[in-house]
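Student: To start, I am sharing the structure in question, which I have written as structure tokens.
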Amino acid sequence: MPKISVILPSLNVVAYIGECIESVMNQTLSDIEILCIDAGSTDGTCEIIKEYAAKDQRIHLICSDKKSYGYQVNLGMDIAKGEYLGIVETDDSIEPDMYETLYQAAVEKELDYVKAGFCTLVTPYEKEQYLLEYPFTDCDKILSYQYFTENRLSPDIYIWNGIYKLSFLREFHIRLNETKGAAFQDCGFRYLTDMNLRRGMFLSQLFYHYRRDNAASSTYNSRFAEFNLAEYKYIRKRMEEDGLTDRARRAFFARETVMMALSPYTTYREHSQPDKAILAVLDEFRQIIIKDREDGLLKQEEMLPQHWIEMRLFTEKPASYEDYIEIKAKADHDLYGDFVKKMADKEQIVIFGSGKAAKFALCLMRMNRLENIVAVCDNNREKWGKSFYGHIILPPEEAVKNYPQAYYLVANKKCPAEILEQLGECGIKKEQTSAYQLPLQAFGSTNLFMREL
């Protein structure tokens, strides 16, 4: 019996499949099986998988007769022989010690599942890769389903950042919904694991690389509302069949239903207007949420204030909600978008800083194809001469000497005022400087705002 069965569901990912498979093959935990479940790729993906399978007997190619992410993962679970199960989406990759670390924690603590944080991954230019941190809180604690039912909002909305005890999944018949396509079909699996959890844990490490620059990703699917409604119905049906009908679990899922309906809609409205189909699905969600509130499952003291207000607007004042969400979506978009456009107008930019803030700022600008970043400087002498995403870190004095007319972006969260004053003393005018004030948010910092460039 292998320690972990790793499922790799694929469909036309020829650009990424090699990197993905190699990251799984090269795990420090070698006692694994790798189940590549392909849904009929026509771009050469299968041929690449076969080449790897010829070199490594742990790799098995299984052809799915349905183009359904849920069906593919379920098929893998049915044939898996491991003690634990992992899932890696085939445009993503993982750190070499991910499964060894997760497995050791799972066995030592006798866990149903163990998960860790992740990084968003983008490669705006060839050989230029950014990994932006998305860590967990409440780490290294034993969690049960009560952790989720007592939380106002689930802190984890992904399934690929951990491993699951296969006997646990089979005991509770936890499976994915087998609707067509590959969008949002992990919701049922995630909620069923959380609502049946006896012993789980989050780790503080960051192992998984979640790709954000694949235009074909389900993240960008305009039918999100339809898919989420199908997931909602699947989960509710399973809850009734499995006897998960206590008030705590029902209230937890009622709160999550609000998020399933509304959260993706804000993101969608950043770049599109709703059509009749989306509005019809949202209206069905509206009736569901109204009924949940009538049944006492949605209470103000159990929800985050913002979610309570948005839920009430959505159900009580639909027209006002549409006005609000249009403004909110534009504000969310402009929070990062205005910065990108401002930076695009600069002839030359020098980034002052080479830490986390500088990485997030540089990633956001490069994702949007800005090519006017000429240098990086830092006050830390130990960093001088070292490379930072293709730039040699300069002493501030050298940067100012070489680029006296450049715009200086201070990407330092600890002492931006002091650095701005320092630049002034070096002769850089105030209008040539600003401090990077955007949140260091892994998703906002990997969004596209200037697609025309």
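We name chains A, B, ... following the order of the structure tokens; residues begin at 1 in each chain, and ligands are numbered from 1 as shown.
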If you count only C-alpha atoms, which residues fall within 7 Å of region 293-300 of chain A, apart from same-chain ones fewer than 2 positions away, as a list of chain:residue names?
Tutor: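 Contacts, in chain order: A:Arg250, A:Ala251, A:Ala254, A:Arg255, A:Ile289, A:Ile290, A:Lys291, A:Glu302, A:Met303, A:Trp308.
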Student: Given the selection you just returned, output its residues as a file containing all heavy atoms, formatted as a PDB file, in the first residue's frame.
Tutor:
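Output below, filename selection_20.pdb:
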```
ATOM      1  N   ARG A 250     -26.335  22.919   9.710  1.00  0.00           N
ATOM      2  CA  ARG A 250     -27.223  23.589   8.757  1.00  0.00           C
ATOM      3  C   ARG A 250     -26.949  25.091   8.725  1.00  0.00           C
ATOM      4  O   ARG A 250     -26.947  25.712   7.651  1.00  0.00           O
ATOM      5  CB  ARG A 250     -28.679  23.321   9.118  1.00  0.00           C
ATOM      6  CG  ARG A 250     -29.127  21.879   8.890  1.00  0.00           C
ATOM      7  CD  ARG A 250     -30.521  21.660   9.432  1.00  0.00           C
ATOM      8  NE  ARG A 250     -31.500  22.491   8.757  1.00  0.00           N
ATOM      9  CZ  ARG A 250     -32.583  23.003   9.348  1.00  0.00           C
ATOM     10  NH1 ARG A 250     -32.799  22.812  10.657  1.00  0.00           N
ATOM     11  NH2 ARG A 250     -33.433  23.739   8.647  1.00  0.00           N
ATOM     12  N   ALA A 251     -26.694  25.682   9.875  1.00  0.00           N
ATOM     13  CA  ALA A 251     -26.404  27.121   9.930  1.00  0.00           C
ATOM     14  C   ALA A 251     -25.054  27.420   9.282  1.00  0.00           C
ATOM     15  O   ALA A 251     -24.903  28.425   8.572  1.00  0.00           O
ATOM     16  CB  ALA A 251     -26.420  27.598  11.381  1.00  0.00           C
ATOM     17  N   ALA A 254     -25.633  27.320   5.665  1.00  0.00           N
ATOM     18  CA  ALA A 254     -26.438  28.475   5.251  1.00  0.00           C
ATOM     19  C   ALA A 254     -25.547  29.707   5.089  1.00  0.00           C
ATOM     20  O   ALA A 254     -25.694  30.471   4.126  1.00  0.00           O
ATOM     21  CB  ALA A 254     -27.543  28.739   6.270  1.00  0.00           C
ATOM     22  N   ARG A 255     -24.618  29.892   6.028  1.00  0.00           N
ATOM     23  CA  ARG A 255     -23.683  31.032   5.917  1.00  0.00           C
ATOM     24  C   ARG A 255     -22.796  30.875   4.683  1.00  0.00           C
ATOM     25  O   ARG A 255     -22.536  31.850   3.965  1.00  0.00           O
ATOM     26  CB  ARG A 255     -22.822  31.134   7.180  1.00  0.00           C
ATOM     27  CG  ARG A 255     -23.590  31.470   8.439  1.00  0.00           C
ATOM     28  CD  ARG A 255     -22.673  31.837   9.585  1.00  0.00           C
ATOM     29  NE  ARG A 255     -21.798  30.742  10.017  1.00  0.00           N
ATOM     30  CZ  ARG A 255     -22.138  29.832  10.926  1.00  0.00           C
ATOM     31  NH1 ARG A 255     -23.348  29.864  11.477  1.00  0.00           N
ATOM     32  NH2 ARG A 255     -21.272  28.896  11.289  1.00  0.00           N
ATOM     33  N   ILE A 289     -31.826  31.615   0.347  1.00  0.00           N
ATOM     34  CA  ILE A 289     -31.289  32.355   1.487  1.00  0.00           C
ATOM     35  C   ILE A 289     -32.428  32.923   2.341  1.00  0.00           C
ATOM     36  O   ILE A 289     -32.359  32.913   3.579  1.00  0.00           O
ATOM     37  CB  ILE A 289     -30.339  33.458   0.998  1.00  0.00           C
ATOM     38  CG1 ILE A 289     -29.095  32.822   0.363  1.00  0.00           C
ATOM     39  CG2 ILE A 289     -29.935  34.385   2.142  1.00  0.00           C
ATOM     40  CD1 ILE A 289     -28.202  33.802  -0.380  1.00  0.00           C
ATOM     41  N   ILE A 290     -33.477  33.404   1.699  1.00  0.00           N
ATOM     42  CA  ILE A 290     -34.648  33.895   2.433  1.00  0.00           C
ATOM     43  C   ILE A 290     -35.224  32.780   3.300  1.00  0.00           C
ATOM     44  O   ILE A 290     -35.557  32.984   4.478  1.00  0.00           O
ATOM     45  CB  ILE A 290     -35.714  34.442   1.462  1.00  0.00           C
ATOM     46  CG1 ILE A 290     -35.231  35.761   0.840  1.00  0.00           C
ATOM     47  CG2 ILE A 290     -37.049  34.653   2.182  1.00  0.00           C
ATOM     48  CD1 ILE A 290     -36.128  36.276  -0.275  1.00  0.00           C
ATOM     49  N   LYS A 291     -35.352  31.585   2.734  1.00  0.00           N
ATOM     50  CA  LYS A 291     -35.895  30.437   3.483  1.00  0.00           C
ATOM     51  C   LYS A 291     -34.968  30.063   4.646  1.00  0.00           C
ATOM     52  O   LYS A 291     -35.440  29.782   5.758  1.00  0.00           O
ATOM     53  CB  LYS A 291     -36.035  29.240   2.535  1.00  0.00           C
ATOM     54  CG  LYS A 291     -36.590  27.976   3.184  1.00  0.00           C
ATOM     55  CD  LYS A 291     -38.036  28.158   3.638  1.00  0.00           C
ATOM     56  CE  LYS A 291     -38.722  26.820   3.934  1.00  0.00           C
ATOM     57  NZ  LYS A 291     -38.015  25.985   4.913  1.00  0.00           N
ATOM     58  N   GLU A 302     -23.982  35.573  14.201  1.00  0.00           N
ATOM     59  CA  GLU A 302     -23.198  34.446  13.703  1.00  0.00           C
ATOM     60  C   GLU A 302     -22.528  34.737  12.358  1.00  0.00           C
ATOM     61  O   GLU A 302     -21.872  33.866  11.795  1.00  0.00           O
ATOM     62  CB  GLU A 302     -24.080  33.205  13.575  1.00  0.00           C
ATOM     63  CG  GLU A 302     -24.623  32.704  14.902  1.00  0.00           C
ATOM     64  CD  GLU A 302     -25.576  31.540  14.755  1.00  0.00           C
ATOM     65  OE1 GLU A 302     -26.016  31.252  13.614  1.00  0.00           O
ATOM     66  OE2 GLU A 302     -25.881  30.891  15.776  1.00  0.00           O
ATOM     67  N   MET A 303     -22.703  35.965  11.865  1.00  0.00           N
ATOM     68  CA  MET A 303     -22.133  36.324  10.576  1.00  0.00           C
ATOM     69  C   MET A 303     -21.231  37.538  10.716  1.00  0.00           C
ATOM     70  O   MET A 303     -21.376  38.334  11.650  1.00  0.00           O
ATOM     71  CB  MET A 303     -23.244  36.617   9.556  1.00  0.00           C
ATOM     72  CG  MET A 303     -24.131  35.426   9.252  1.00  0.00           C
ATOM     73  SD  MET A 303     -25.470  35.832   8.087  1.00  0.00           S
ATOM     74  CE  MET A 303     -24.538  36.162   6.589  1.00  0.00           C
ATOM     75  N   TRP A 308     -23.571  40.081   6.652  1.00  0.00           N
ATOM     76  CA  TRP A 308     -24.949  40.246   7.101  1.00  0.00           C
ATOM     77  C   TRP A 308     -25.631  41.373   6.311  1.00  0.00           C
ATOM     78  O   TRP A 308     -26.762  41.220   5.840  1.00  0.00           O
ATOM     79  CB  TRP A 308     -24.981  40.546   8.594  1.00  0.00           C
ATOM     80  CG  TRP A 308     -26.335  40.898   9.133  1.00  0.00           C
ATOM     81  CD1 TRP A 308     -26.792  42.146   9.455  1.00  0.00           C
ATOM     82  CD2 TRP A 308     -27.417  39.993   9.402  1.00  0.00           C
ATOM     83  NE1 TRP A 308     -28.090  42.082   9.904  1.00  0.00           N
ATOM     84  CE2 TRP A 308     -28.500  40.777   9.892  1.00  0.00           C
ATOM     85  CE3 TRP A 308     -27.575  38.620   9.281  1.00  0.00           C
ATOM     86  CZ2 TRP A 308     -29.713  40.203  10.261  1.00  0.00           C
ATOM     87  CZ3 TRP A 308     -28.796  38.051   9.650  1.00  0.00           C
ATOM     88  CH2 TRP A 308     -29.845  38.837  10.126  1.00  0.00           C
TER      89      TRP A 308
END
```
Student: Find the spatial neighbours of His173 (chain A), counting only C-alpha atoms, within a cut-off of 12 Å - ignore same-chain residues fewer than 3 positions away - and output them as a tab-separated table (two decimals) with N, CA and C atoms, in the first residue's frame.
Tutor:
```
chain	number	residue	atom	x	y	z
A	74	ASN	N	-13.31	11.39	-8.74
A	74	ASN	CA	-13.99	10.22	-8.17
A	74	ASN	C	-13.43	8.93	-8.74
A	77	MET	N	-10.30	8.26	-6.97
A	77	MET	CA	-10.53	7.78	-5.61
A	77	MET	C	-10.95	6.32	-5.60
A	78	ASP	N	-11.72	5.91	-6.61
A	78	ASP	CA	-12.20	4.52	-6.67
A	78	ASP	C	-11.06	3.51	-6.81
A	166	LEU	N	-7.91	8.08	3.16
A	166	LEU	CA	-8.81	7.46	2.20
A	166	LEU	C	-9.94	6.71	2.91
A	167	SER	N	-9.63	6.08	4.03
A	167	SER	CA	-10.69	5.37	4.77
A	167	SER	C	-11.73	6.33	5.30
A	168	PHE	N	-11.33	7.54	5.65
A	168	PHE	CA	-12.27	8.58	6.10
A	168	PHE	C	-13.21	8.97	4.97
A	169	LEU	N	-12.64	9.20	3.78
A	169	LEU	CA	-13.47	9.57	2.63
A	169	LEU	C	-14.46	8.47	2.28
A	170	ARG	N	-14.01	7.24	2.36
A	170	ARG	CA	-14.89	6.12	2.00
A	170	ARG	C	-15.92	5.84	3.09
A	176	LEU	N	-16.99	13.97	-5.16
A	176	LEU	CA	-17.29	15.22	-5.86
A	176	LEU	C	-18.55	15.08	-6.68
A	177	ASN	N	-19.20	16.19	-6.90
A	177	ASN	CA	-20.35	16.23	-7.79
A	177	ASN	C	-19.87	16.04	-9.22
A	188	GLY	N	-18.62	20.55	-3.04
A	188	GLY	CA	-19.26	19.46	-2.32
A	188	GLY	C	-18.26	18.65	-1.51
A	189	PHE	N	-17.15	18.30	-2.12
A	189	PHE	CA	-16.11	17.54	-1.44
A	189	PHE	C	-15.62	18.28	-0.21
A	192	LEU	N	-18.36	18.54	2.63
A	192	LEU	CA	-18.63	17.23	3.24
A	192	LEU	C	-17.46	16.78	4.12
A	193	THR	N	-16.24	17.07	3.72
A	193	THR	CA	-15.11	16.74	4.59
A	193	THR	C	-15.15	17.57	5.86
A	196	ASN	N	-17.93	16.44	8.33
A	196	ASN	CA	-17.74	15.11	8.92
A	196	ASN	C	-16.42	14.99	9.68
A	238	ARG	N	-26.93	15.66	-0.04
A	238	ARG	CA	-26.06	14.77	0.72
A	238	ARG	C	-26.23	14.98	2.22
A	239	MET	N	-26.41	16.21	2.66
A	239	MET	CA	-26.63	16.48	4.08
A	239	MET	C	-27.88	15.77	4.58
A	241	GLU	N	-29.35	13.12	3.16
A	241	GLU	CA	-29.15	11.67	3.07
A	241	GLU	C	-28.26	11.16	4.20
A	242	ASP	N	-27.28	11.96	4.61
A	242	ASP	CA	-26.31	11.53	5.61
A	242	ASP	C	-26.70	11.91	7.03
```
Student: Hey, could you make a per-residue contact list for region 162-204 of chain A against region 152-158 of chain A with 10 Å as the cut-off, showing the nearest pair of atoms and its distance in Å to one decimal, counting only C-alpha atoms, sorted by chain and number, as JSON lines?
Tutor:
```
{"residue": "A:Gly162", "atom": "CA", "partner": "A:Tyr158", "partner_atom": "CA", "distance": 8.8}
{"residue": "A:Phe184", "atom": "CA", "partner": "A:Tyr158", "partner_atom": "CA", "distance": 10.0}
{"residue": "A:Asp186", "atom": "CA", "partner": "A:Tyr158", "partner_atom": "CA", "distance": 7.5}
{"residue": "A:Cys187", "atom": "CA", "partner": "A:Ile157", "partner_atom": "CA", "distance": 7.8}
{"residue": "A:Phe189", "atom": "CA", "partner": "A:Tyr158", "partner_atom": "CA", "distance": 9.6}
{"residue": "A:Arg190", "atom": "CA", "partner": "A:Tyr158", "partner_atom": "CA", "distance": 7.0}
{"residue": "A:Tyr191", "atom": "CA", "partner": "A:Ile157", "partner_atom": "CA", "distance": 8.8}
{"residue": "A:Asp194", "atom": "CA", "partner": "A:Ser154", "partner_atom": "CA", "distance": 9.4}
{"residue": "A:Phe202", "atom": "CA", "partner": "A:Asp156", "partner_atom": "CA", "distance": 9.5}
```
Student: If you run DSSP on the backbone here, which positions in region 306-392 of chain A get strand (DSSP E or B)? Please write them as a list in words.
Tutor: Ile349, Val350, Ile351, Phe352, Ile373, Val374, Ala375, Val376, Cys377, Ser387, Phe388, His391 and Ile392 of chain A
Student: Grab the residues selected above and save them as a PDB file, in the first residue's frame with N, CA, C and O atoms.
Tutor:
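Saved result, result_2.pdb, follows:
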```pdb
ATOM      1  N   ILE A 349      10.808  53.483 -13.471  1.00  0.00           N
ATOM      2  CA  ILE A 349      10.433  53.229 -12.084  1.00  0.00           C
ATOM      3  C   ILE A 349      11.583  52.516 -11.384  1.00  0.00           C
ATOM      4  O   ILE A 349      12.140  51.543 -11.902  1.00  0.00           O
ATOM      5  N   VAL A 350      11.922  53.009 -10.209  1.00  0.00           N
ATOM      6  CA  VAL A 350      12.853  52.320  -9.321  1.00  0.00           C
ATOM      7  C   VAL A 350      12.070  51.869  -8.095  1.00  0.00           C
ATOM      8  O   VAL A 350      11.390  52.680  -7.454  1.00  0.00           O
ATOM      9  N   ILE A 351      12.127  50.591  -7.790  1.00  0.00           N
ATOM     10  CA  ILE A 351      11.458  50.067  -6.600  1.00  0.00           C
ATOM     11  C   ILE A 351      12.435  50.121  -5.436  1.00  0.00           C
ATOM     12  O   ILE A 351      13.535  49.571  -5.504  1.00  0.00           O
ATOM     13  N   PHE A 352      12.034  50.799  -4.369  1.00  0.00           N
ATOM     14  CA  PHE A 352      12.872  50.903  -3.174  1.00  0.00           C
ATOM     15  C   PHE A 352      12.366  49.849  -2.184  1.00  0.00           C
ATOM     16  O   PHE A 352      11.346  50.013  -1.540  1.00  0.00           O
ATOM     17  N   ILE A 373      10.269  49.245 -15.311  1.00  0.00           N
ATOM     18  CA  ILE A 373      10.976  49.104 -14.038  1.00  0.00           C
ATOM     19  C   ILE A 373      12.459  48.949 -14.339  1.00  0.00           C
ATOM     20  O   ILE A 373      12.886  47.948 -14.931  1.00  0.00           O
ATOM     21  N   VAL A 374      13.248  49.938 -13.970  1.00  0.00           N
ATOM     22  CA  VAL A 374      14.657  49.969 -14.379  1.00  0.00           C
ATOM     23  C   VAL A 374      15.614  49.500 -13.296  1.00  0.00           C
ATOM     24  O   VAL A 374      16.760  49.138 -13.582  1.00  0.00           O
ATOM     25  N   ALA A 375      15.175  49.528 -12.016  1.00  0.00           N
ATOM     26  CA  ALA A 375      16.111  49.153 -10.948  1.00  0.00           C
ATOM     27  C   ALA A 375      15.362  48.850  -9.662  1.00  0.00           C
ATOM     28  O   ALA A 375      14.201  49.230  -9.475  1.00  0.00           O
ATOM     29  N   VAL A 376      16.081  48.168  -8.752  1.00  0.00           N
ATOM     30  CA  VAL A 376      15.618  47.889  -7.394  1.00  0.00           C
ATOM     31  C   VAL A 376      16.735  48.297  -6.451  1.00  0.00           C
ATOM     32  O   VAL A 376      17.914  47.998  -6.703  1.00  0.00           O
ATOM     33  N   CYS A 377      16.393  49.006  -5.381  1.00  0.00           N
ATOM     34  CA  CYS A 377      17.407  49.375  -4.396  1.00  0.00           C
ATOM     35  C   CYS A 377      16.909  49.058  -3.000  1.00  0.00           C
ATOM     36  O   CYS A 377      15.707  48.843  -2.781  1.00  0.00           O
ATOM     37  N   SER A 387      20.516  39.308  -6.725  1.00  0.00           N
ATOM     38  CA  SER A 387      19.476  39.409  -7.749  1.00  0.00           C
ATOM     39  C   SER A 387      18.082  39.370  -7.117  1.00  0.00           C
ATOM     40  O   SER A 387      17.830  38.607  -6.179  1.00  0.00           O
ATOM     41  N   PHE A 388      17.203  40.206  -7.626  1.00  0.00           N
ATOM     42  CA  PHE A 388      15.812  40.251  -7.169  1.00  0.00           C
ATOM     43  C   PHE A 388      14.926  40.305  -8.410  1.00  0.00           C
ATOM     44  O   PHE A 388      14.735  41.352  -9.013  1.00  0.00           O
ATOM     45  N   HIS A 391      16.677  41.870 -11.325  1.00  0.00           N
ATOM     46  CA  HIS A 391      17.327  43.151 -11.052  1.00  0.00           C
ATOM     47  C   HIS A 391      18.402  42.958  -9.986  1.00  0.00           C
ATOM     48  O   HIS A 391      18.168  42.280  -8.980  1.00  0.00           O
ATOM     49  N   ILE A 392      19.551  43.557 -10.177  1.00  0.00           N
ATOM     50  CA  ILE A 392      20.588  43.562  -9.154  1.00  0.00           C
ATOM     51  C   ILE A 392      20.260  44.649  -8.143  1.00  0.00           C
ATOM     52  O   ILE A 392      20.048  45.818  -8.514  1.00  0.00           O
TER      53      ILE A 392
END
```
Student: May I have the residues within 8 Å of Arg249 (chain A) as a list in words, using only C-alpha atoms and disregarding those fewer than 5 positions away in the same chain?
Tutor: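 Near Arg249 (chain A), the qualifying residues are Thr149, Met195 and Leu244 of chain A.
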Student: What parts of region 150-327 of chain A does DSSP call helix (DSSP H, G or I)? I'd like the answer as an MDAnalysis selection string.
Tutor: chainID A and resid 166:171 187:196 218:220 224:242 247:269 276:294 300:302 305:316 318:327
Student: Can you list, as an MDAnalysis selection string, every protein, DNA or RNA residue that comes within 12 Å of Cys363 (chain A) when you count only C-alpha atoms, leaving out same-chain residues fewer than 4 positions away?
Tutor: chainID A and resid 120:125 128:132 212:213 336 340 351 356:359 367:371 373 388:389 440:448
Student: Only C-alpha atoms, please: the residues just picked out, written as a PDB file, in the first residue's frame.
Tutor:
```pdb
ATOM      1  CA  THR A 120      -0.438  31.929  -5.990  1.00  0.00           C
ATOM      2  CA  LEU A 121       1.744  31.311  -9.043  1.00  0.00           C
ATOM      3  CA  VAL A 122       2.134  33.520 -12.097  1.00  0.00           C
ATOM      4  CA  THR A 123       4.727  33.596 -14.854  1.00  0.00           C
ATOM      5  CA  PRO A 124       4.193  36.888 -16.699  1.00  0.00           C
ATOM      6  CA  TYR A 125       7.319  36.400 -18.787  1.00  0.00           C
ATOM      7  CA  GLU A 128      10.075  35.080 -14.494  1.00  0.00           C
ATOM      8  CA  GLN A 129       7.982  33.423 -11.797  1.00  0.00           C
ATOM      9  CA  TYR A 130       6.233  34.914  -8.773  1.00  0.00           C
ATOM     10  CA  LEU A 131       4.917  32.982  -5.767  1.00  0.00           C
ATOM     11  CA  LEU A 132       2.761  35.154  -3.504  1.00  0.00           C
ATOM     12  CA  ARG A 212      -3.369  32.285 -11.596  1.00  0.00           C
ATOM     13  CA  ASP A 213      -2.326  33.066 -15.177  1.00  0.00           C
ATOM     14  CA  TYR A 336      -5.305  47.784  -7.804  1.00  0.00           C
ATOM     15  CA  VAL A 340      -1.264  49.832 -12.309  1.00  0.00           C
ATOM     16  CA  ILE A 351      11.458  50.067  -6.600  1.00  0.00           C
ATOM     17  CA  LYS A 356       7.527  40.942   0.524  1.00  0.00           C
ATOM     18  CA  ALA A 357       5.921  44.281  -0.379  1.00  0.00           C
ATOM     19  CA  ALA A 358       8.368  44.784  -3.250  1.00  0.00           C
ATOM     20  CA  LYS A 359       7.647  41.297  -4.579  1.00  0.00           C
ATOM     21  CA  MET A 367       1.508  40.740 -14.643  1.00  0.00           C
ATOM     22  CA  ASN A 368       0.098  43.786 -16.371  1.00  0.00           C
ATOM     23  CA  ARG A 369       3.046  43.931 -18.787  1.00  0.00           C
ATOM     24  CA  LEU A 370       4.769  47.004 -17.382  1.00  0.00           C
ATOM     25  CA  GLU A 371       8.329  47.117 -18.717  1.00  0.00           C
ATOM     26  CA  ILE A 373      10.976  49.104 -14.038  1.00  0.00           C
ATOM     27  CA  PHE A 388      15.812  40.251  -7.169  1.00  0.00           C
ATOM     28  CA  TYR A 389      13.557  39.018  -9.998  1.00  0.00           C
ATOM     29  CA  LEU A 440      -0.401  42.316   0.217  1.00  0.00           C
ATOM     30  CA  GLN A 441      -3.189  40.108  -1.032  1.00  0.00           C
ATOM     31  CA  ALA A 442      -2.177  37.124  -3.142  1.00  0.00           C
ATOM     32  CA  PHE A 443      -5.200  37.266  -5.434  1.00  0.00           C
ATOM     33  CA  GLY A 444      -5.519  41.004  -5.957  1.00  0.00           C
ATOM     34  CA  SER A 445      -1.812  41.206  -6.704  1.00  0.00           C
ATOM     35  CA  THR A 446      -2.072  38.657  -9.519  1.00  0.00           C
ATOM     36  CA  ASN A 447      -5.073  40.131 -11.329  1.00  0.00           C
ATOM     37  CA  LEU A 448      -5.004  41.619 -14.808  1.00  0.00           C
TER      38      LEU A 448
END
```
Student: Go through A:Ala116, A:Ile79, A:Val281, A:Ile34 one by one, measure the shortest atom-to-atom distance of each to Glu133 (chain A) using only C-alpha atoms, and give the residue with the smallest value.
Tutor: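 Using only C-alpha atoms, Glu133 (chain A) sits closest to A:Ala116.
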Student: Would you work out the distance separating CA of Leu75 (chain A) from CA of Ile32 (chain A), expressed in Å to one decimal?
Tutor: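 That distance, rounded to one decimal, is 17.4 Å.
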Student: With distances taken over only C-alpha atoms, which of A:Thr137, A:Gln422, A:Gln27, A:Gln205 is nearest to Asn161 (chain A)?
Tutor: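 Looking only at the distances to Asn161 (chain A), the closest residue turns out to be A:Gln205.
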Student: Considering only C-alpha atoms, can you say which of A:Leu262, A:Ile4, A:Ile142, A:Ile309 comes closest to Ile163 (chain A)?
Tutor: A:Ile4
Student: Near Gly86 (chain A), counting only C-alpha atoms, which residues have an atom at most 12 Å away, once you skip same-chain residues fewer than 6 positions from it, shown as an MDAnalysis selection string?
Tutor: chainID A and resid 3:9 24 32:35 73 76:77 80 94 98:100 102:103 113:115 159:166 169 208
Student: What's the separation between CA of Glu256 (chain A) and CA of Tyr268 (chain A), in Å to one decimal place?
Tutor: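 So the answer is 18.3 Å.
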Student: Identify which of the residues A:Phe339, A:Phe118, A:Phe148, A:Trp384 lies closest to Asp92 (chain A), counting only C-alpha atoms when measuring atom-to-atom distances.
Tutor: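 Checking each of A:Phe339, A:Phe118, A:Phe148, A:Trp384 against Asp92 (chain A), counting only C-alpha atoms, the winner is A:Phe118.
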Student: Using only C-alpha atoms, which residues sit within 8 Å of Phe224 (chain A) once same-chain residues fewer than 3 positions away are excluded, as a count of residues only?
Tutor: 6
